[in-house]
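K.L.:
Mind having a look at this structure? Questions to follow.
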Amino acid sequence: MRLFGTLIRCILWLMAGLLLLAVVWGFWSGWAYRDIPLSELEKRYGSDNLHSTNLNGQPLFYRIDGKDIGTAPAVLLIHSHYFDSGMYDQWAKVLGQEYTVLRFDMTSHGFTGPDINNDYSMARTLDILDGLLDELTISKLAIVGSSLGGNVAFHWAARHPERATHLVLVNSGGLKRQQSSRRSAAGIAPWFYRVFYFIPELAYRQFLLWMVADKEVVDDALVERFHAMFRREDNRFAEMERMRQFDVGSPEETLARVKVPTLIMWGEENPQLPVTQIEQFIQLLGNAASVRSIRYPGLGHVLPLESPRQAAEDIRQFLKE
């Protein structure tokens, strides 16, 4: 009986120790991973090409590289989910030699932060993009999108067949998955975003490593920036709301309205969206003026990071054709 009592006391002390450790971790991580003010992020990652505007009350941050607006054809680069427009820094250098290169941070991402209406629908995203293009007086452009950005890109090309000149889909999202519901994240409780405050930077590194095949691109600077942008004040709540509101809609109908020449680019080692989706996109883009595809052996889901020059050169060649 004495041995049994000792065992019980050890178990209780262990449980108390674990509980204390959890409490200490909660307080420490809540402070260490607290929100970062926008002003601090601008000091860290802002540059001369970063601009901001206000579209009917909605703050929006964007970048312009290369040729001045109106002096060359325009190319719009739309970033992936969880990233920001900085993921295209290298592509902007390549394309900027001949084009006006426009990028913007979608709401819930990067410098832009939350939507003032808490609306993260596709229609709202397209309306914000239209507002930016109208303000910059850009009437026609080629549109490039990666992952979620590809979903936005083909919706915009379908909405404005008279304004789009070319469409480039880079590991694009937007197709329905057979084993998922239309709104698979809709049931997440609104308070769940608070969990993001306790996730260590190491977890963000592992997430980035999972998405790419070329692990060398995930260096300390990339991880630090990726984590910092996620911690932009109110971005974590906004990201959770975007996931809760996501609705893939009717991609078949939307893609059928795309008329412009289209290039599909895909990493063959993409762990998130299989390369076989190329054939689905080709089939659904039956009314496009032309459709071609390029597969990248040994690369994964984030081509702007994994192929900082060759993929951009492929886009430049496509735009010339």
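In the structure tokens, each chain is lettered A, B, ... as it comes, each chain's residues begin at 1, and ligands are numbered from 1 in order of appearance.
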Pull the helix (DSSP H, G or I) assignments for range 84-213 of chain A out of DSSP run on the backbone, and list those residues as a compact mmCIF listing (two decimals) with N, CA, C and O atoms, in the first residue's frame.

P.N.:
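Final file, part_14.txt:
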# COMPACT_ATOMS: atom_id res chain seq x y z
N SER A 85 2.74 39.72 -50.78
CA SER A 85 3.29 40.06 -52.09
C SER A 85 4.80 39.96 -52.15
O SER A 85 5.38 39.88 -53.23
N GLY A 86 5.46 39.91 -50.99
CA GLY A 86 6.91 39.78 -50.98
C GLY A 86 7.41 38.47 -51.53
O GLY A 86 8.59 38.35 -51.88
N MET A 87 6.54 37.45 -51.65
CA MET A 87 6.96 36.17 -52.19
C MET A 87 7.40 36.29 -53.65
O MET A 87 8.10 35.41 -54.17
N TYR A 88 7.00 37.38 -54.31
CA TYR A 88 7.32 37.58 -55.73
C TYR A 88 8.50 38.51 -55.96
O TYR A 88 8.69 39.00 -57.08
N ASP A 89 9.29 38.78 -54.96
CA ASP A 89 10.39 39.75 -55.12
C ASP A 89 11.28 39.41 -56.31
O ASP A 89 11.65 40.30 -57.09
N GLN A 90 11.65 38.15 -56.44
CA GLN A 90 12.57 37.76 -57.53
C GLN A 90 11.88 37.79 -58.88
O GLN A 90 12.47 38.23 -59.87
N TRP A 91 10.65 37.34 -58.95
CA TRP A 91 9.92 37.39 -60.22
C TRP A 91 9.71 38.84 -60.68
O TRP A 91 9.76 39.14 -61.87
N ALA A 92 9.48 39.73 -59.72
CA ALA A 92 9.28 41.14 -60.06
C ALA A 92 10.52 41.73 -60.70
O ALA A 92 10.43 42.57 -61.61
N LYS A 93 11.70 41.30 -60.25
CA LYS A 93 12.94 41.80 -60.84
C LYS A 93 13.07 41.35 -62.29
O LYS A 93 13.49 42.13 -63.16
N VAL A 94 12.72 40.10 -62.56
CA VAL A 94 12.82 39.57 -63.93
C VAL A 94 11.79 40.23 -64.84
O VAL A 94 12.12 40.74 -65.91
N LEU A 95 10.53 40.21 -64.43
CA LEU A 95 9.46 40.75 -65.26
C LEU A 95 9.52 42.27 -65.37
O LEU A 95 9.08 42.86 -66.36
N MET A 122 -14.92 35.71 -52.37
CA MET A 122 -14.26 35.96 -53.64
C MET A 122 -14.76 37.26 -54.27
O MET A 122 -13.97 38.05 -54.81
N ALA A 123 -16.06 37.52 -54.17
CA ALA A 123 -16.62 38.74 -54.74
C ALA A 123 -15.99 39.98 -54.12
O ALA A 123 -15.66 40.95 -54.81
N ARG A 124 -15.82 39.95 -52.81
CA ARG A 124 -15.20 41.09 -52.11
C ARG A 124 -13.75 41.26 -52.54
O ARG A 124 -13.28 42.39 -52.78
N THR A 125 -13.00 40.17 -52.66
CA THR A 125 -11.61 40.25 -53.09
C THR A 125 -11.51 40.84 -54.48
O THR A 125 -10.64 41.69 -54.76
N LEU A 126 -12.39 40.43 -55.39
CA LEU A 126 -12.38 40.96 -56.75
C LEU A 126 -12.76 42.44 -56.77
O LEU A 126 -12.20 43.22 -57.54
N ASP A 127 -13.70 42.83 -55.93
CA ASP A 127 -14.09 44.24 -55.87
C ASP A 127 -12.92 45.11 -55.39
O ASP A 127 -12.70 46.22 -55.91
N ILE A 128 -12.18 44.61 -54.40
CA ILE A 128 -11.01 45.36 -53.92
C ILE A 128 -9.97 45.48 -55.02
O ILE A 128 -9.39 46.56 -55.23
N LEU A 129 -9.73 44.40 -55.74
CA LEU A 129 -8.78 44.44 -56.84
C LEU A 129 -9.23 45.42 -57.92
O LEU A 129 -8.42 46.22 -58.42
N ASP A 130 -10.51 45.39 -58.27
CA ASP A 130 -11.02 46.35 -59.26
C ASP A 130 -10.81 47.78 -58.79
O ASP A 130 -10.44 48.66 -59.58
N GLY A 131 -11.04 48.03 -57.51
CA GLY A 131 -10.85 49.38 -56.99
C GLY A 131 -9.41 49.83 -57.10
O GLY A 131 -9.15 51.00 -57.44
N LEU A 132 -8.47 48.94 -56.83
CA LEU A 132 -7.06 49.29 -56.96
C LEU A 132 -6.68 49.58 -58.40
O LEU A 132 -6.01 50.59 -58.68
N LEU A 133 -7.12 48.74 -59.32
CA LEU A 133 -6.79 48.94 -60.74
C LEU A 133 -7.40 50.24 -61.26
O LEU A 133 -6.77 50.97 -62.04
N ASP A 134 -8.62 50.53 -60.85
CA ASP A 134 -9.25 51.78 -61.28
C ASP A 134 -8.50 52.99 -60.74
O ASP A 134 -8.30 53.98 -61.45
N GLU A 135 -8.06 52.90 -59.48
CA GLU A 135 -7.33 54.02 -58.89
C GLU A 135 -6.00 54.25 -59.60
O GLU A 135 -5.57 55.40 -59.78
N LEU A 148 -4.02 30.18 -53.87
CA LEU A 148 -5.21 30.99 -53.71
C LEU A 148 -5.21 32.14 -54.70
O LEU A 148 -6.26 32.51 -55.26
N GLY A 149 -4.03 32.70 -54.96
CA GLY A 149 -3.92 33.78 -55.93
C GLY A 149 -4.33 33.35 -57.32
O GLY A 149 -4.88 34.14 -58.09
N GLY A 150 -4.09 32.08 -57.67
CA GLY A 150 -4.55 31.58 -58.96
C GLY A 150 -6.06 31.52 -59.03
O GLY A 150 -6.67 31.83 -60.07
N ASN A 151 -6.68 31.13 -57.93
CA ASN A 151 -8.13 31.12 -57.84
C ASN A 151 -8.70 32.52 -58.09
O ASN A 151 -9.64 32.72 -58.87
N VAL A 152 -8.10 33.51 -57.43
CA VAL A 152 -8.52 34.90 -57.63
C VAL A 152 -8.28 35.32 -59.08
O VAL A 152 -9.12 35.98 -59.70
N ALA A 153 -7.14 34.91 -59.63
CA ALA A 153 -6.76 35.33 -60.99
C ALA A 153 -7.76 34.83 -62.03
O ALA A 153 -8.19 35.59 -62.90
N PHE A 154 -8.13 33.56 -61.97
CA PHE A 154 -9.05 33.09 -63.02
C PHE A 154 -10.46 33.62 -62.82
O PHE A 154 -11.21 33.80 -63.79
N HIS A 155 -10.84 33.92 -61.58
CA HIS A 155 -12.13 34.57 -61.37
C HIS A 155 -12.12 35.98 -61.96
O HIS A 155 -13.12 36.42 -62.56
N TRP A 156 -11.01 36.70 -61.78
CA TRP A 156 -10.94 38.06 -62.33
C TRP A 156 -10.92 38.02 -63.86
O TRP A 156 -11.58 38.83 -64.51
N ALA A 157 -10.18 37.08 -64.45
CA ALA A 157 -10.13 36.97 -65.91
C ALA A 157 -11.50 36.63 -66.47
O ALA A 157 -11.87 37.09 -67.56
N ALA A 158 -12.28 35.83 -65.73
CA ALA A 158 -13.63 35.50 -66.18
C ALA A 158 -14.56 36.68 -66.03
O ALA A 158 -15.46 36.91 -66.85
N ARG A 159 -14.36 37.48 -64.99
CA ARG A 159 -15.19 38.66 -64.74
C ARG A 159 -14.90 39.76 -65.76
O ARG A 159 -15.81 40.49 -66.16
N PRO A 190 -15.14 30.71 -34.01
CA PRO A 190 -14.44 31.99 -34.21
C PRO A 190 -13.28 32.21 -33.25
O PRO A 190 -12.31 32.87 -33.59
N TRP A 191 -13.38 31.65 -32.03
CA TRP A 191 -12.34 31.87 -31.04
C TRP A 191 -11.08 31.04 -31.31
O TRP A 191 -10.04 31.27 -30.69
N PHE A 192 -11.16 30.10 -32.24
CA PHE A 192 -10.05 29.17 -32.45
C PHE A 192 -8.78 29.88 -32.92
O PHE A 192 -7.68 29.35 -32.76
N TYR A 193 -8.93 31.09 -33.50
CA TYR A 193 -7.74 31.80 -33.99
C TYR A 193 -6.75 32.05 -32.86
O TYR A 193 -5.54 32.23 -33.11
N ARG A 194 -7.22 32.07 -31.62
CA ARG A 194 -6.33 32.32 -30.48
C ARG A 194 -5.26 31.24 -30.36
O ARG A 194 -4.19 31.49 -29.77
N VAL A 195 -5.53 30.08 -30.91
CA VAL A 195 -4.53 29.01 -30.88
C VAL A 195 -3.26 29.45 -31.61
O VAL A 195 -2.14 29.06 -31.24
N PHE A 196 -3.42 30.31 -32.64
CA PHE A 196 -2.26 30.77 -33.41
C PHE A 196 -1.25 31.51 -32.52
O PHE A 196 -0.07 31.58 -32.86
N TYR A 197 -1.70 32.07 -31.42
CA TYR A 197 -0.81 32.82 -30.55
C TYR A 197 0.16 31.92 -29.78
O TYR A 197 1.13 32.40 -29.20
N PHE A 198 -0.10 30.63 -29.75
CA PHE A 198 0.72 29.70 -28.99
C PHE A 198 1.56 28.79 -29.88
O PHE A 198 2.25 27.92 -29.40
N GLU A 201 7.53 29.50 -33.66
CA GLU A 201 8.06 29.79 -35.00
C GLU A 201 8.52 28.52 -35.69
O GLU A 201 8.46 28.40 -36.92
N LEU A 202 8.98 27.54 -34.92
CA LEU A 202 9.42 26.27 -35.49
C LEU A 202 8.32 25.61 -36.31
O LEU A 202 8.59 25.00 -37.35
N ALA A 203 7.08 25.73 -35.87
CA ALA A 203 5.96 25.12 -36.60
C ALA A 203 5.77 25.79 -37.96
O ALA A 203 5.44 25.13 -38.95
N TYR A 204 6.00 27.10 -38.02
CA TYR A 204 5.89 27.81 -39.30
C TYR A 204 7.00 27.36 -40.24
O TYR A 204 6.80 27.25 -41.45
N ARG A 205 8.20 27.11 -39.69
CA ARG A 205 9.29 26.60 -40.51
C ARG A 205 8.92 25.24 -41.11
O ARG A 205 9.13 25.00 -42.30
N GLN A 206 8.35 24.37 -40.28
CA GLN A 206 7.96 23.04 -40.76
C GLN A 206 6.87 23.14 -41.83
O GLN A 206 6.84 22.35 -42.78
N PHE A 207 5.96 24.08 -41.66
CA PHE A 207 4.91 24.29 -42.66
C PHE A 207 5.51 24.69 -43.99
O PHE A 207 5.13 24.17 -45.05
N LEU A 208 6.46 25.62 -43.97
CA LEU A 208 7.13 26.04 -45.20
C LEU A 208 7.91 24.89 -45.82
O LEU A 208 7.88 24.71 -47.05
N LEU A 209 8.60 24.12 -45.01
CA LEU A 209 9.37 22.99 -45.52
C LEU A 209 8.46 21.95 -46.17
O LEU A 209 8.84 21.30 -47.15
N TRP A 210 7.25 21.81 -45.62
CA TRP A 210 6.30 20.85 -46.20
C TRP A 210 5.85 21.29 -47.60
O TRP A 210 5.66 20.45 -48.48
N MET A 211 5.71 22.59 -47.82
CA MET A 211 5.16 23.08 -49.08
C MET A 211 6.15 23.05 -50.23
O MET A 211 5.76 23.07 -51.39

K.L.:
Pick out the closest residue to Val218 in chain A from this set: A:Glu268, A:Glu241, A:Glu306, A:Glu279. Count only C-alpha atoms.

P.N.:
A:Glu306

K.L.:
Hey, what's within 10 Å of Glu253 in chain A if we count only C-alpha atoms and toss same-chain stuff fewer than 4 positions away? As a ChimeraX atom specification, please?

P.N.:
/A:158,249,257-258,284-285

K.L.:
For the selection you just gave me, I'd like the residues written to a file as a PDB file, in the first residue's frame, keeping N, CA and C atoms.

P.N.:
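Once written, part_39.pdb looks like this:
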ATOM      1  N   ALA A 158     -12.279  35.829 -65.731  1.00  0.00           N
ATOM      2  CA  ALA A 158     -13.632  35.497 -66.182  1.00  0.00           C
ATOM      3  C   ALA A 158     -14.564  36.685 -66.025  1.00  0.00           C
ATOM      4  N   GLY A 249     -17.113  27.665 -54.709  1.00  0.00           N
ATOM      5  CA  GLY A 249     -18.075  28.122 -55.716  1.00  0.00           C
ATOM      6  C   GLY A 249     -18.248  27.128 -56.853  1.00  0.00           C
ATOM      7  N   ARG A 257     -15.683  30.739 -68.695  1.00  0.00           N
ATOM      8  CA  ARG A 257     -15.807  32.123 -69.162  1.00  0.00           C
ATOM      9  C   ARG A 257     -14.451  32.771 -69.444  1.00  0.00           C
ATOM     10  N   VAL A 258     -13.379  32.062 -69.169  1.00  0.00           N
ATOM     11  CA  VAL A 258     -12.040  32.599 -69.443  1.00  0.00           C
ATOM     12  C   VAL A 258     -11.774  32.509 -70.942  1.00  0.00           C
ATOM     13  N   LEU A 284     -11.307  22.251 -68.354  1.00  0.00           N
ATOM     14  CA  LEU A 284     -12.299  23.264 -67.997  1.00  0.00           C
ATOM     15  C   LEU A 284     -12.057  24.597 -68.693  1.00  0.00           C
ATOM     16  N   LEU A 285     -10.844  24.825 -69.186  1.00  0.00           N
ATOM     17  CA  LEU A 285     -10.525  26.064 -69.903  1.00  0.00           C
ATOM     18  C   LEU A 285     -10.767  25.903 -71.400  1.00  0.00           C
TER      19      LEU A 285
END

K.L.:
Using only C-alpha atoms, which protein or nucleic acid residues come within 10 Å of Met106 in chain A? Drop anything in the same chain fewer than 6 positions from it, and give the result as a PyMOL selection string.

P.N.:
chain A and resi 60-62+78-85+112-115+120+125+128-129+149

K.L.:
Using only C-alpha atoms, which protein or nucleic acid residues come within 7 Å of Val217 in chain A? Drop anything in the same chain fewer than 2 positions from it, and give the result as JSON, numbers by chain.

P.N.:
{"A": [214, 215, 219, 305, 306]}

K.L.:
Identify, on the basis of only C-alpha atoms, every residue whose closest approach to range 34-41 of chain A does not exceed 6 Å; exclude the query and any residue fewer than 5 positions from it along the same chain; express the result as a list in words.

P.N.:
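The neighbour list is Arg231, Arg232 and Glu233 of chain A.
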
K.L.:
Mind listing the strand (DSSP E) residues of range 33-274 of chain A, per DSSP on the backbone, as number ranges by chain?

P.N.:
A: 50-55, 58-66, 74-78, 100-104, 141-146, 164-170, 262-267
